[in-house]
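First comes the structure, then the notes that go with it.
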Amino acid sequence: GCRRTNESPMSHALYQCLLGLLESNETARKQAERDLAAMEPAPGFALGLCNVALAESASIPVRQMALVLLKKYTKDKWALESSQLTEAEKQPIRQLLPRGLADPSTKIRKLVAYIISVIGAWDWPQTWPSLMNDLLTCIQGTDPNLVSGAMSCIRDLSQHVDEDTYPMYLDTLGPVFLSMAATPTVPVKLRAIAVVVFTNIVDFVNLGRMKDAIKKIKTLLPHWFETIGAILAAPDAHDYILKKEAVVLLSSIADAFKVIEYIPAVLKFVWQNFVTCLPKFVAEIVCPPGGIAPTPDEDAEGDKVVGVDQFACSLFDLLGVLMSKVSARKLIKPFTVQIVYYTIGYMQMTMEQEESWRSDPNQYIEETDEDSFTESVRLTGYGLLHDMVDHAPKEALPAIHTAVRQRLQESDQMRDMGNAEWWRLHEAAVFAMGAFHLEDSDPTADTFAREVLGNDLIVEGPHGDFLKGRALWFVGHFLEHLSHSTSHPFFHAAVATLQTTDKTLTLKVAACRAIGLAVPKLDGSTLKPYMPTIITGLCALLPHATEHMLVLLLDTILASVKVSKEITAQLEPQISPYILAVWSHHATDPQIAVCVCDILQGIASSHPSVLPGLLERVIPTLVIILSSPDKLPNLVEGALDLLCIILTPCPAPLPAPLVTQVFPPVMDLLNSTVDSSFLKAGARAVNVYVRRSHEMLAQWTHPASGKSGSILVMEFAAKLLSLEDMVAVEVGPLISAIVTFMASELGPNLVNMLNAVIARLATAKLPSLIEALVLVFARLAAQGHSRQLLDIIGNGEAISFILQKWTKHCSDFHTGSVNIKASAIGLAEIFKTQDPRLDAVVVPGDLIVQHDGRKTRTKNKGYGLDQTEQWTQIPLRLKILKVLMMEMKTIEEKEMAILTRKGLAGEEDEDDDEDEDEAQDDYAEDDDHVPGSSFVDADQLQHILDQLTDSDDDGGEEWDNPLVTEDPLYGVDLKGYIVSFVCAIHQQAPQPLAQAASALRPDEKEVLTRVLHN
């Protein structure tokens, strides 16, 4: 068998190699790593690891190392067809591994169980049909190690349940595991595993909504509810694992099925645990003896014991699920005040949290953010309050107010009695108020701030920081609902906290968070007097900040620099050095780099007077990085992005240093690199150079090559055209800028460049690249050069090709309102030319709809148009008119949507929500539900997605981009242009318009009629 490590040469060699990996000598360990890497591709590697792992004569560390390697190998290679692992090697592994389930070592059993589950996920039942029956035999045996190992294996395997295997779980294992879970004499750990397996099955069935599975599960539910009730009714044990898993199962069942008839019987046990666990939670977790919560114990198998805190989280999750189901919610509503009351008790700050938050601002930020992903009793309880407010606001809001008042009174009583921990309940009650949803006229927050929080600003003692921080958070959270007289002292206190030197970092962070919440809600006149103090105070904290604190500071600075361009410009010398220092240290961190760039963009665009000083600080750093890309590769892309931000607000022509000092290393880098991120970022920067200083580029000469800046730019554009679609996508805007601003420098090269664009358009597959290239021609036409464009293109074949691509893809243009205008206006200008070469041009019209109502469109719109797609073929002028009518209809629909939204605002009520919830409950109960039938069909979904990705008429944030706002097309009223165009054509060339109009669809004719009668 597997008891000797030298059964085969591979096993022996692996055994020696594993011994080497455990050596303390680094040289021996490195050699073993090289030997292992050399052996891995060889046949028998996995089987050799299996033999070593199951050899009881080997040491536990060696066997454990073998299993760790085998675990990774099976995850990576078992199902890989190209793997060297053959069926001849797999079969003995499947035969040998189950022996390890009975190993005396818990660590070995667990690893073996997991590896079997990985293999079983692929091979059972097809290639390993006996696996589940073998495991079932094991758990019915008398060897406790074997039973434990087999149960662990089934638990791991149940995470991979699918449509082929769920009948085995329900039919074969279902009754056995129900019996195990319900039998008090079975070890608690095994009973918990039985519950977990059934939970995994319920979750899978809930996801797939399979009718047969639902019926089978429903036959088991009465017995499972009886079992859950018995588990929850049992006295508390040291390990809450069984109770926790029972509550998790109850949550899954309540989420998946309408089981209102069973809920009342178990709800009393849920409530009993919810109430009785709170004193234990406070004594063991909130205020443990000595101030430090005990380290979680380990059970006999080395797993951490589930504590009362984890059990409490599962109870909160269950109550949240029940609140989301209207039938169950009706049972809970009468007890809303009590639920909130006890929840506040669970939300108290623990001594351990107090200590860690006081010493680590990053942890304080992460674990006190109500939107944090950190799991804690405190945040889970807060989430339950939000769920209650969302699903039952009429009951939850008064309940929160009542329960908070009760807890505050208890806190005051504790304080009066000399209990030093009184403040924890007070802080938790204020935190709970954050779950409120207030109407504009609701005075609740204002009254609460005046009556309760005023004293929190003057509380002394070590806990004062947390009470002040929570009070400031509350005011920032509800600022729009507070009067100026109420909010002003708190906001003033937050600002003053930033300036003081005797306050802790934790309190300063709390003040920063409050300011960040408040700034977007206050008007500029109120904020302006505070801005210098706020911005300088925040910047002074930057050198001390890391991780979450740094992000919070930057976000608050960003909000602050947007308040007043005048003040931001005045403070540039104080802000920029700090922000640039942060950028130099964190340029490779995407989240920080983006925020820093946004701040610098706000500074640079605040006033032209800031640019000289900002450039003086930025240019030397940029030159160093861009001149030495090999030495500082991680900073290059960020430097190019930063350059673009600095260039954009600069007036034309650019300051000379940007051309003479920065432009040369930029072009040297871009014309030598193959890094796609460098090329894309660089293309955006060069685009700005062309727009701002094309004349300077034409006069400037590269000292080494002797080429002008214009020639270097054109060479770079040609390079981009030759690259793959994902990189070449940036070439369209660059070439549009070149032909717009450098036409006089191009001369005959203009024809060559447009021909190169045509050639690249013929090979482009990526829709965004097709759009970028088509827009080169669209912009030329839209800017009044339509006839010149047709003459440059020349032959009718090339004209037809461009217009076919253009008209086929123009409805998919989604990169901003200016480009949509360029396409529509460009087509209209081409129509105006009445060029006879256009008479013979035929282009794609509409997608052909099949008899079943489906359009013949691609399954994946993201990668171009499929060969199976079929279009009608129509004359160009008809297509242009159809495009313009489509744009007109889109504009009208958006105008109507705005009016509709205004008319419907505020009309929703809770009754509608409950009707919706009832429908959802009926869906959960419907045995005849067809999987997927609750979703819209493909065409409807595509329409929804198209609507979501449409830009607004103002182009989203385009208004804040000078490159867009300076575009001559930006201010064009597309609706007015279309009306003027159609009316002009109707008067000047009525025959072509009439011919085209006669072939429009009825809805398009309706739009045309409205335009002509506008």
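Each chain in the structure tokens gets a letter, A, B, ..., in the order shown, and its residues are numbered from 1; ligands are numbered from 1 in order too.
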- Item | Residues flagged helix (DSSP H, G or I) by DSSP in segment 488-715 of chain A, as a PyMOL selection string | chain A and resi 488-499+505-521+524-544+547-561+565-586+590-604+608-627+633-647+656-670+676-699+709-715
- Message: Taking 2 positions as the minimum chain separation for residues in the same chain, which residues sit within 8 Å of Ile830 of chain A when counting only C-alpha atoms? Answer as an NGL selection string.
- Response: :A and (781 or 786-787 or 826-828 or 832-834)
Please write the residues from the selection above to a file, keeping C-alpha atoms, as a PDB file, in the first residue's frame.
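Saved file again_35.pdb follows:
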```pdb
ATOM      1  CA  ALA A 781     -17.586  66.668 -42.638  1.00  0.00           C
ATOM      2  CA  SER A 786     -17.692  67.491 -46.503  1.00  0.00           C
ATOM      3  CA  ARG A 787     -17.088  68.248 -50.188  1.00  0.00           C
ATOM      4  CA  GLY A 826     -21.394  65.014 -40.588  1.00  0.00           C
ATOM      5  CA  LEU A 827     -23.919  62.775 -42.352  1.00  0.00           C
ATOM      6  CA  ALA A 828     -26.265  65.719 -42.820  1.00  0.00           C
ATOM      7  CA  LYS A 832     -26.187  68.601 -48.399  1.00  0.00           C
ATOM      8  CA  THR A 833     -23.417  68.239 -50.989  1.00  0.00           C
ATOM      9  CA  GLN A 834     -25.808  66.527 -53.451  1.00  0.00           C
TER      10      GLN A 834
END
```
- Work out how far apart atom CA of Leu54 of chain A and atom CA of Arg34 of chain A are and give it in Å to one decimal.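 For atom CA of Leu54 of chain A relative to atom CA of Arg34 of chain A, the distance reads 23.9 Å.
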- Query: Hey, what's within 9 Å of Met349 of chain A if we count only C-alpha atoms and toss same-chain stuff fewer than 3 positions away? As a list in words, please?
  - Reply: Val286, Tyr346, Glu352, Gln353, Glu354, Arg378, Arg424, Leu425, Glu427 and Ala428 of chain A
- Have a look at A:Asn634, A:Val659, A:Arg109, A:Arg691 and name the one nearest to Phe678 of chain A; count only C-alpha atoms. A:Asn634
- Of the candidates A:Val337, A:Leu643, A:Val972, A:Val377, which shows the shortest atom-to-atom distance to Thr350 of chain A, using only C-alpha atoms?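 Closest to Thr350 of chain A, using only C-alpha atoms: A:Val377.
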Residue contacts of Leu615 of chain A (10 Å, only C-alpha atoms) excluding same-chain residues fewer than 2 positions away, as an mmCIF file with C-alpha atoms, in the first residue's frame:
```cif
data_model
loop_
_atom_site.group_PDB
_atom_site.id
_atom_site.type_symbol
_atom_site.label_atom_id
_atom_site.label_comp_id
_atom_site.auth_asym_id
_atom_site.auth_seq_id
_atom_site.Cartn_x
_atom_site.Cartn_y
_atom_site.Cartn_z
ATOM 1 C CA ALA A 604 -5.031 73.419 -12.404
ATOM 2 C CA VAL A 610 -1.939 78.859 -10.595
ATOM 3 C CA LEU A 611 -0.335 77.311 -13.665
ATOM 4 C CA PRO A 612 3.168 78.858 -13.465
ATOM 5 C CA GLY A 613 3.727 77.714 -9.890
ATOM 6 C CA ARG A 617 6.753 72.022 -9.263
ATOM 7 C CA VAL A 618 5.555 69.345 -11.708
ATOM 8 C CA ILE A 619 7.819 69.641 -14.752
ATOM 9 C CA PRO A 620 11.136 68.557 -13.136
ATOM 10 C CA LEU A 622 7.872 64.583 -15.110
ATOM 11 C CA LEU A 643 0.947 65.492 -17.808
ATOM 12 C CA ILE A 646 -1.628 69.691 -16.420
ATOM 13 C CA LEU A 647 -1.838 70.298 -20.173
ATOM 14 C CA PRO A 655 4.051 77.520 -21.787
ATOM 15 C CA PRO A 657 8.846 74.537 -20.905
ATOM 16 C CA LEU A 658 6.071 72.046 -21.656
#
```
Show me, as JSON lines, the residues of segment 489-561 of chain A having an atom within 10 Å of segment 459-466 of chain A, each with the closest atom pair and its distance in Å, using only C-alpha atoms.
```
{"residue": "A:Lys503", "atom": "CA", "partner": "A:Asp465", "partner_atom": "CA", "distance": 8.5}
{"residue": "A:Thr504", "atom": "CA", "partner": "A:Asp465", "partner_atom": "CA", "distance": 7.8}
{"residue": "A:Leu505", "atom": "CA", "partner": "A:Asp465", "partner_atom": "CA", "distance": 9.7}
{"residue": "A:Thr506", "atom": "CA", "partner": "A:Asp465", "partner_atom": "CA", "distance": 7.3}
{"residue": "A:Leu507", "atom": "CA", "partner": "A:Asp465", "partner_atom": "CA", "distance": 5.4}
{"residue": "A:Lys508", "atom": "CA", "partner": "A:Asp465", "partner_atom": "CA", "distance": 9.1}
{"residue": "A:Ala510", "atom": "CA", "partner": "A:Phe466", "partner_atom": "CA", "distance": 8.4}
```
Next, dump the selected residues to file, keeping only all heavy atoms, as an mmCIF file, in the first residue's frame.
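again-v5.cif was written with the following content:
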```cif
data_model
loop_
_atom_site.group_PDB
_atom_site.id
_atom_site.type_symbol
_atom_site.label_atom_id
_atom_site.label_comp_id
_atom_site.auth_asym_id
_atom_site.auth_seq_id
_atom_site.Cartn_x
_atom_site.Cartn_y
_atom_site.Cartn_z
ATOM 1 N N LYS A 503 -5.192 67.163 19.839
ATOM 2 C CA LYS A 503 -6.226 66.174 19.579
ATOM 3 C C LYS A 503 -5.609 64.913 18.965
ATOM 4 O O LYS A 503 -4.619 64.978 18.242
ATOM 5 C CB LYS A 503 -7.298 66.724 18.626
ATOM 6 C CG LYS A 503 -7.975 68.000 19.124
ATOM 7 C CD LYS A 503 -8.717 67.780 20.440
ATOM 8 C CE LYS A 503 -9.440 69.046 20.883
ATOM 9 N NZ LYS A 503 -10.087 68.898 22.196
ATOM 10 N N THR A 504 -6.235 63.778 19.257
ATOM 11 C CA THR A 504 -5.721 62.516 18.729
ATOM 12 C C THR A 504 -6.019 62.404 17.233
ATOM 13 O O THR A 504 -6.927 63.049 16.701
ATOM 14 C CB THR A 504 -6.383 61.331 19.452
ATOM 15 O OG1 THR A 504 -7.802 61.342 19.165
ATOM 16 C CG2 THR A 504 -6.164 61.407 20.953
ATOM 17 N N LEU A 505 -5.238 61.537 16.561
ATOM 18 C CA LEU A 505 -5.479 61.304 15.142
ATOM 19 C C LEU A 505 -6.865 60.722 14.923
ATOM 20 O O LEU A 505 -7.515 61.003 13.918
ATOM 21 C CB LEU A 505 -4.420 60.352 14.575
ATOM 22 C CG LEU A 505 -3.157 60.979 13.991
ATOM 23 C CD1 LEU A 505 -2.246 59.904 13.444
ATOM 24 C CD2 LEU A 505 -3.498 61.982 12.893
ATOM 25 N N THR A 506 -7.330 59.916 15.866
ATOM 26 C CA THR A 506 -8.657 59.318 15.725
ATOM 27 C C THR A 506 -9.738 60.387 15.664
ATOM 28 O O THR A 506 -10.639 60.335 14.813
ATOM 29 C CB THR A 506 -8.935 58.365 16.901
ATOM 30 O OG1 THR A 506 -7.957 57.324 16.905
ATOM 31 C CG2 THR A 506 -10.317 57.750 16.784
ATOM 32 N N LEU A 507 -9.646 61.389 16.536
ATOM 33 C CA LEU A 507 -10.638 62.456 16.520
ATOM 34 C C LEU A 507 -10.496 63.307 15.260
ATOM 35 O O LEU A 507 -11.493 63.745 14.676
ATOM 36 C CB LEU A 507 -10.503 63.326 17.769
ATOM 37 C CG LEU A 507 -11.523 64.467 17.896
ATOM 38 C CD1 LEU A 507 -12.948 63.923 17.825
ATOM 39 C CD2 LEU A 507 -11.312 65.248 19.190
ATOM 40 N N LYS A 508 -9.275 63.551 14.831
ATOM 41 C CA LYS A 508 -9.068 64.323 13.609
ATOM 42 C C LYS A 508 -9.658 63.589 12.397
ATOM 43 O O LYS A 508 -10.233 64.204 11.494
ATOM 44 C CB LYS A 508 -7.578 64.595 13.394
ATOM 45 C CG LYS A 508 -6.990 65.635 14.347
ATOM 46 C CD LYS A 508 -5.499 65.800 14.114
ATOM 47 C CE LYS A 508 -4.898 66.802 15.100
ATOM 48 N NZ LYS A 508 -4.973 68.176 14.637
ATOM 49 N N ALA A 510 -12.190 61.543 12.546
ATOM 50 C CA ALA A 510 -13.640 61.693 12.671
ATOM 51 C C ALA A 510 -14.081 63.063 12.167
ATOM 52 O O ALA A 510 -15.118 63.190 11.488
ATOM 53 C CB ALA A 510 -14.062 61.495 14.126
#
```
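Taking atom CA of Glu261 of chain A as the reference point, atom CA of Leu397 of chain A is found at 28.0 Å.
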Would you kindly return, as a PDB file with N, CA and C atoms, in the first residue's frame, each protein, DNA or RNA residue with an atom no farther than 12 Å from any atom of Thr621 of chain A, considering only C-alpha atoms and excluding same-chain residues fewer than 2 positions away?
```pdb
ATOM      1  N   PRO A 577       2.351  71.021  -3.114  1.00  0.00           N
ATOM      2  CA  PRO A 577       3.497  70.228  -2.644  1.00  0.00           C
ATOM      3  C   PRO A 577       3.070  68.966  -1.894  1.00  0.00           C
ATOM      4  N   LEU A 580       1.511  66.458  -4.551  1.00  0.00           N
ATOM      5  CA  LEU A 580       2.539  65.871  -5.414  1.00  0.00           C
ATOM      6  C   LEU A 580       3.409  64.882  -4.644  1.00  0.00           C
ATOM      7  N   ALA A 581       3.621  65.157  -3.380  1.00  0.00           N
ATOM      8  CA  ALA A 581       4.387  64.205  -2.560  1.00  0.00           C
ATOM      9  C   ALA A 581       3.618  62.896  -2.412  1.00  0.00           C
ATOM     10  N   TRP A 583       1.440  61.766  -4.575  1.00  0.00           N
ATOM     11  CA  TRP A 583       1.487  61.111  -5.896  1.00  0.00           C
ATOM     12  C   TRP A 583       2.802  60.378  -6.101  1.00  0.00           C
ATOM     13  N   SER A 584       3.921  60.998  -5.731  1.00  0.00           N
ATOM     14  CA  SER A 584       5.224  60.374  -5.965  1.00  0.00           C
ATOM     15  C   SER A 584       5.393  59.079  -5.177  1.00  0.00           C
ATOM     16  N   LEU A 614       2.412  75.757 -10.420  1.00  0.00           N
ATOM     17  CA  LEU A 614       2.160  74.315 -10.513  1.00  0.00           C
ATOM     18  C   LEU A 614       3.118  73.665 -11.500  1.00  0.00           C
ATOM     19  N   LEU A 615       3.315  74.303 -12.637  1.00  0.00           N
ATOM     20  CA  LEU A 615       4.248  73.756 -13.634  1.00  0.00           C
ATOM     21  C   LEU A 615       5.672  73.722 -13.092  1.00  0.00           C
ATOM     22  N   GLU A 616       6.038  74.733 -12.362  1.00  0.00           N
ATOM     23  CA  GLU A 616       7.384  74.783 -11.789  1.00  0.00           C
ATOM     24  C   GLU A 616       7.634  73.595 -10.865  1.00  0.00           C
ATOM     25  N   ARG A 617       6.593  73.159 -10.172  1.00  0.00           N
ATOM     26  CA  ARG A 617       6.753  72.022  -9.263  1.00  0.00           C
ATOM     27  C   ARG A 617       6.656  70.684  -9.990  1.00  0.00           C
ATOM     28  N   VAL A 618       5.838  70.627 -11.067  1.00  0.00           N
ATOM     29  CA  VAL A 618       5.555  69.345 -11.708  1.00  0.00           C
ATOM     30  C   VAL A 618       6.575  68.980 -12.779  1.00  0.00           C
ATOM     31  N   ILE A 619       7.001  69.944 -13.569  1.00  0.00           N
ATOM     32  CA  ILE A 619       7.819  69.641 -14.752  1.00  0.00           C
ATOM     33  C   ILE A 619       9.112  68.899 -14.408  1.00  0.00           C
ATOM     34  N   VAL A 623       9.954  65.246 -16.140  1.00  0.00           N
ATOM     35  CA  VAL A 623      11.121  65.061 -17.016  1.00  0.00           C
ATOM     36  C   VAL A 623      11.989  63.906 -16.526  1.00  0.00           C
ATOM     37  N   ILE A 624      12.204  63.825 -15.231  1.00  0.00           N
ATOM     38  CA  ILE A 624      13.027  62.743 -14.679  1.00  0.00           C
ATOM     39  C   ILE A 624      12.397  61.381 -14.987  1.00  0.00           C
ATOM     40  N   ILE A 625      11.091  61.259 -14.765  1.00  0.00           N
ATOM     41  CA  ILE A 625      10.419  59.968 -14.960  1.00  0.00           C
ATOM     42  C   ILE A 625      10.373  59.599 -16.435  1.00  0.00           C
ATOM     43  N   LEU A 626       9.978  60.550 -17.289  1.00  0.00           N
ATOM     44  CA  LEU A 626       9.797  60.247 -18.708  1.00  0.00           C
ATOM     45  C   LEU A 626      11.122  60.087 -19.440  1.00  0.00           C
ATOM     46  N   SER A 627      12.178  60.650 -18.895  1.00  0.00           N
ATOM     47  CA  SER A 627      13.503  60.489 -19.516  1.00  0.00           C
ATOM     48  C   SER A 627      14.165  59.178 -19.116  1.00  0.00           C
ATOM     49  N   SER A 628      13.654  58.551 -18.049  1.00  0.00           N
ATOM     50  CA  SER A 628      14.257  57.293 -17.566  1.00  0.00           C
ATOM     51  C   SER A 628      13.180  56.229 -17.361  1.00  0.00           C
ATOM     52  N   LEU A 632      12.279  53.823 -13.919  1.00  0.00           N
ATOM     53  CA  LEU A 632      11.067  54.102 -13.130  1.00  0.00           C
ATOM     54  C   LEU A 632       9.823  53.642 -13.900  1.00  0.00           C
ATOM     55  N   LEU A 635       6.142  54.332 -12.716  1.00  0.00           N
ATOM     56  CA  LEU A 635       5.652  55.700 -12.615  1.00  0.00           C
ATOM     57  C   LEU A 635       5.316  56.322 -13.963  1.00  0.00           C
ATOM     58  N   VAL A 636       5.661  55.636 -15.048  1.00  0.00           N
ATOM     59  CA  VAL A 636       5.553  56.251 -16.370  1.00  0.00           C
ATOM     60  C   VAL A 636       4.102  56.532 -16.743  1.00  0.00           C
ATOM     61  N   GLY A 638       1.474  56.832 -14.869  1.00  0.00           N
ATOM     62  CA  GLY A 638       0.940  57.878 -14.008  1.00  0.00           C
ATOM     63  C   GLY A 638       1.474  59.252 -14.387  1.00  0.00           C
ATOM     64  N   ALA A 639       2.754  59.308 -14.790  1.00  0.00           N
ATOM     65  CA  ALA A 639       3.344  60.591 -15.199  1.00  0.00           C
ATOM     66  C   ALA A 639       2.665  61.118 -16.460  1.00  0.00           C
ATOM     67  N   LEU A 640       2.371  60.230 -17.412  1.00  0.00           N
ATOM     68  CA  LEU A 640       1.688  60.654 -18.639  1.00  0.00           C
ATOM     69  C   LEU A 640       0.266  61.135 -18.333  1.00  0.00           C
ATOM     70  N   LEU A 642      -0.677  62.432 -15.478  1.00  0.00           N
ATOM     71  CA  LEU A 642      -0.502  63.704 -14.787  1.00  0.00           C
ATOM     72  C   LEU A 642      -0.187  64.817 -15.789  1.00  0.00           C
ATOM     73  N   LEU A 643       0.627  64.503 -16.771  1.00  0.00           N
ATOM     74  CA  LEU A 643       0.947  65.492 -17.808  1.00  0.00           C
ATOM     75  C   LEU A 643      -0.314  65.936 -18.528  1.00  0.00           C
ATOM     76  N   GLN A 661      10.962  71.181 -22.753  1.00  0.00           N
ATOM     77  CA  GLN A 661      11.519  70.275 -21.754  1.00  0.00           C
ATOM     78  C   GLN A 661      10.782  68.945 -21.661  1.00  0.00           C
ATOM     79  N   VAL A 662       9.452  68.962 -21.756  1.00  0.00           N
ATOM     80  CA  VAL A 662       8.660  67.751 -21.524  1.00  0.00           C
ATOM     81  C   VAL A 662       8.348  67.015 -22.824  1.00  0.00           C
TER      82      VAL A 662
END
```
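A straight line drawn from atom CA of Arg450 of chain A to atom CA of Ser483 of chain A is 10.1 Å long.
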- Among listed residues A:Arg513, A:Arg692, A:Arg191, A:Lys528, nearest Leu554 of chain A (using only C-alpha atoms):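 Nearest candidate to Leu554 of chain A out of A:Arg513, A:Arg692, A:Arg191, A:Lys528: A:Arg513.
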- Message: Using only C-alpha atoms for the distances, tell me which of A:Val202, A:Ile735, A:Ile802, A:Ala778 is nearest to Leu761 of chain A.
- Response: A:Ile802
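You can rank A:Ser710, A:Thr402, A:Ala420, A:Leu249 by their closest distance to Met351 of chain A using only C-alpha atoms, and at the top of that list sits A:Ala420.
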Can you write out as a Markdown table which residues of segment 245-357 of chain A fall within 10 Å of segment 430-448 of chain A, alongside each residue's closest atom pair and its distance in Å to one decimal, counting only C-alpha atoms and ordering rows by chain and ascending residue number?
```
| residue | atom | partner | partner_atom | distance |
| --- | --- | --- | --- | --- |
| A:Val340 | CA | A:Ala432 | CA | 8.6 |
| A:Tyr341 | CA | A:Ala432 | CA | 9.9 |
| A:Thr343 | CA | A:Ala432 | CA | 8.8 |
| A:Ile344 | CA | A:Ala432 | CA | 6.6 |
| A:Met347 | CA | A:Ala432 | CA | 8.2 |
| A:Gln348 | CA | A:Phe431 | CA | 9.3 |
```
- Message: Here is a test: counting only C-alpha atoms, which residue of A:Val751, A:Asp812, A:Thr368, A:Leu734 is nearest to Leu789 of chain A?
- Response: A:Val751
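Excluding segment 271-277 of chain A itself and same-chain residues fewer than 2 positions from it, the residues having an atom within 10 Å of it are Leu232, Ala233, Ala234, Pro235, Asp236, Lys243, Val266, Leu267, Lys268, Phe269, Pro279, Lys280, Phe281, Val282, Ala283, Val308, Asp309, Phe311, Ala312, Leu315, Phe316, Leu319, Gln338, Ile339, Tyr342, Thr343 and Tyr346 of chain A, counting only C-alpha atoms.
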- Close residues, Met714 of chain A itself excluded, 10 Å, only C-alpha atoms, min 5 positions apart in chain, as an NGL selection string: :A and (709 or 719-720 or 734-735 or 738 or 746 or 749 or 753)
Requested write-out: N, CA and C atoms of the selected residues, as a PDB file, in the first residue's frame:
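Now in result-v3.pdb:
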```pdb
ATOM      1  N   GLY A 709       8.344  68.756 -34.532  1.00  0.00           N
ATOM      2  CA  GLY A 709       7.344  68.144 -33.661  1.00  0.00           C
ATOM      3  C   GLY A 709       6.169  67.609 -34.443  1.00  0.00           C
ATOM      4  N   LYS A 719       2.198  54.868 -36.058  1.00  0.00           N
ATOM      5  CA  LYS A 719       2.534  53.716 -35.209  1.00  0.00           C
ATOM      6  C   LYS A 719       1.281  53.176 -34.529  1.00  0.00           C
ATOM      7  N   LEU A 720       0.453  54.065 -33.992  1.00  0.00           N
ATOM      8  CA  LEU A 720      -0.777  53.629 -33.323  1.00  0.00           C
ATOM      9  C   LEU A 720      -1.690  52.885 -34.299  1.00  0.00           C
ATOM     10  N   LEU A 734      -6.716  61.454 -31.801  1.00  0.00           N
ATOM     11  CA  LEU A 734      -5.453  62.115 -32.135  1.00  0.00           C
ATOM     12  C   LEU A 734      -5.451  62.558 -33.591  1.00  0.00           C
ATOM     13  N   ILE A 735      -5.875  61.681 -34.502  1.00  0.00           N
ATOM     14  CA  ILE A 735      -5.875  62.045 -35.920  1.00  0.00           C
ATOM     15  C   ILE A 735      -6.910  63.135 -36.190  1.00  0.00           C
ATOM     16  N   ILE A 738      -5.199  66.177 -35.354  1.00  0.00           N
ATOM     17  CA  ILE A 738      -4.168  66.496 -36.348  1.00  0.00           C
ATOM     18  C   ILE A 738      -4.788  67.145 -37.578  1.00  0.00           C
ATOM     19  N   LEU A 746       0.219  69.645 -42.721  1.00  0.00           N
ATOM     20  CA  LEU A 746       0.149  68.311 -43.313  1.00  0.00           C
ATOM     21  C   LEU A 746       0.451  68.318 -44.807  1.00  0.00           C
ATOM     22  N   ASN A 749       0.475  65.133 -46.938  1.00  0.00           N
ATOM     23  CA  ASN A 749       0.394  64.044 -45.963  1.00  0.00           C
ATOM     24  C   ASN A 749      -1.039  63.812 -45.468  1.00  0.00           C
ATOM     25  N   MET A 753      -2.579  60.218 -44.707  1.00  0.00           N
ATOM     26  CA  MET A 753      -3.091  59.869 -43.387  1.00  0.00           C
ATOM     27  C   MET A 753      -4.513  59.336 -43.473  1.00  0.00           C
TER      28      MET A 753
END
```
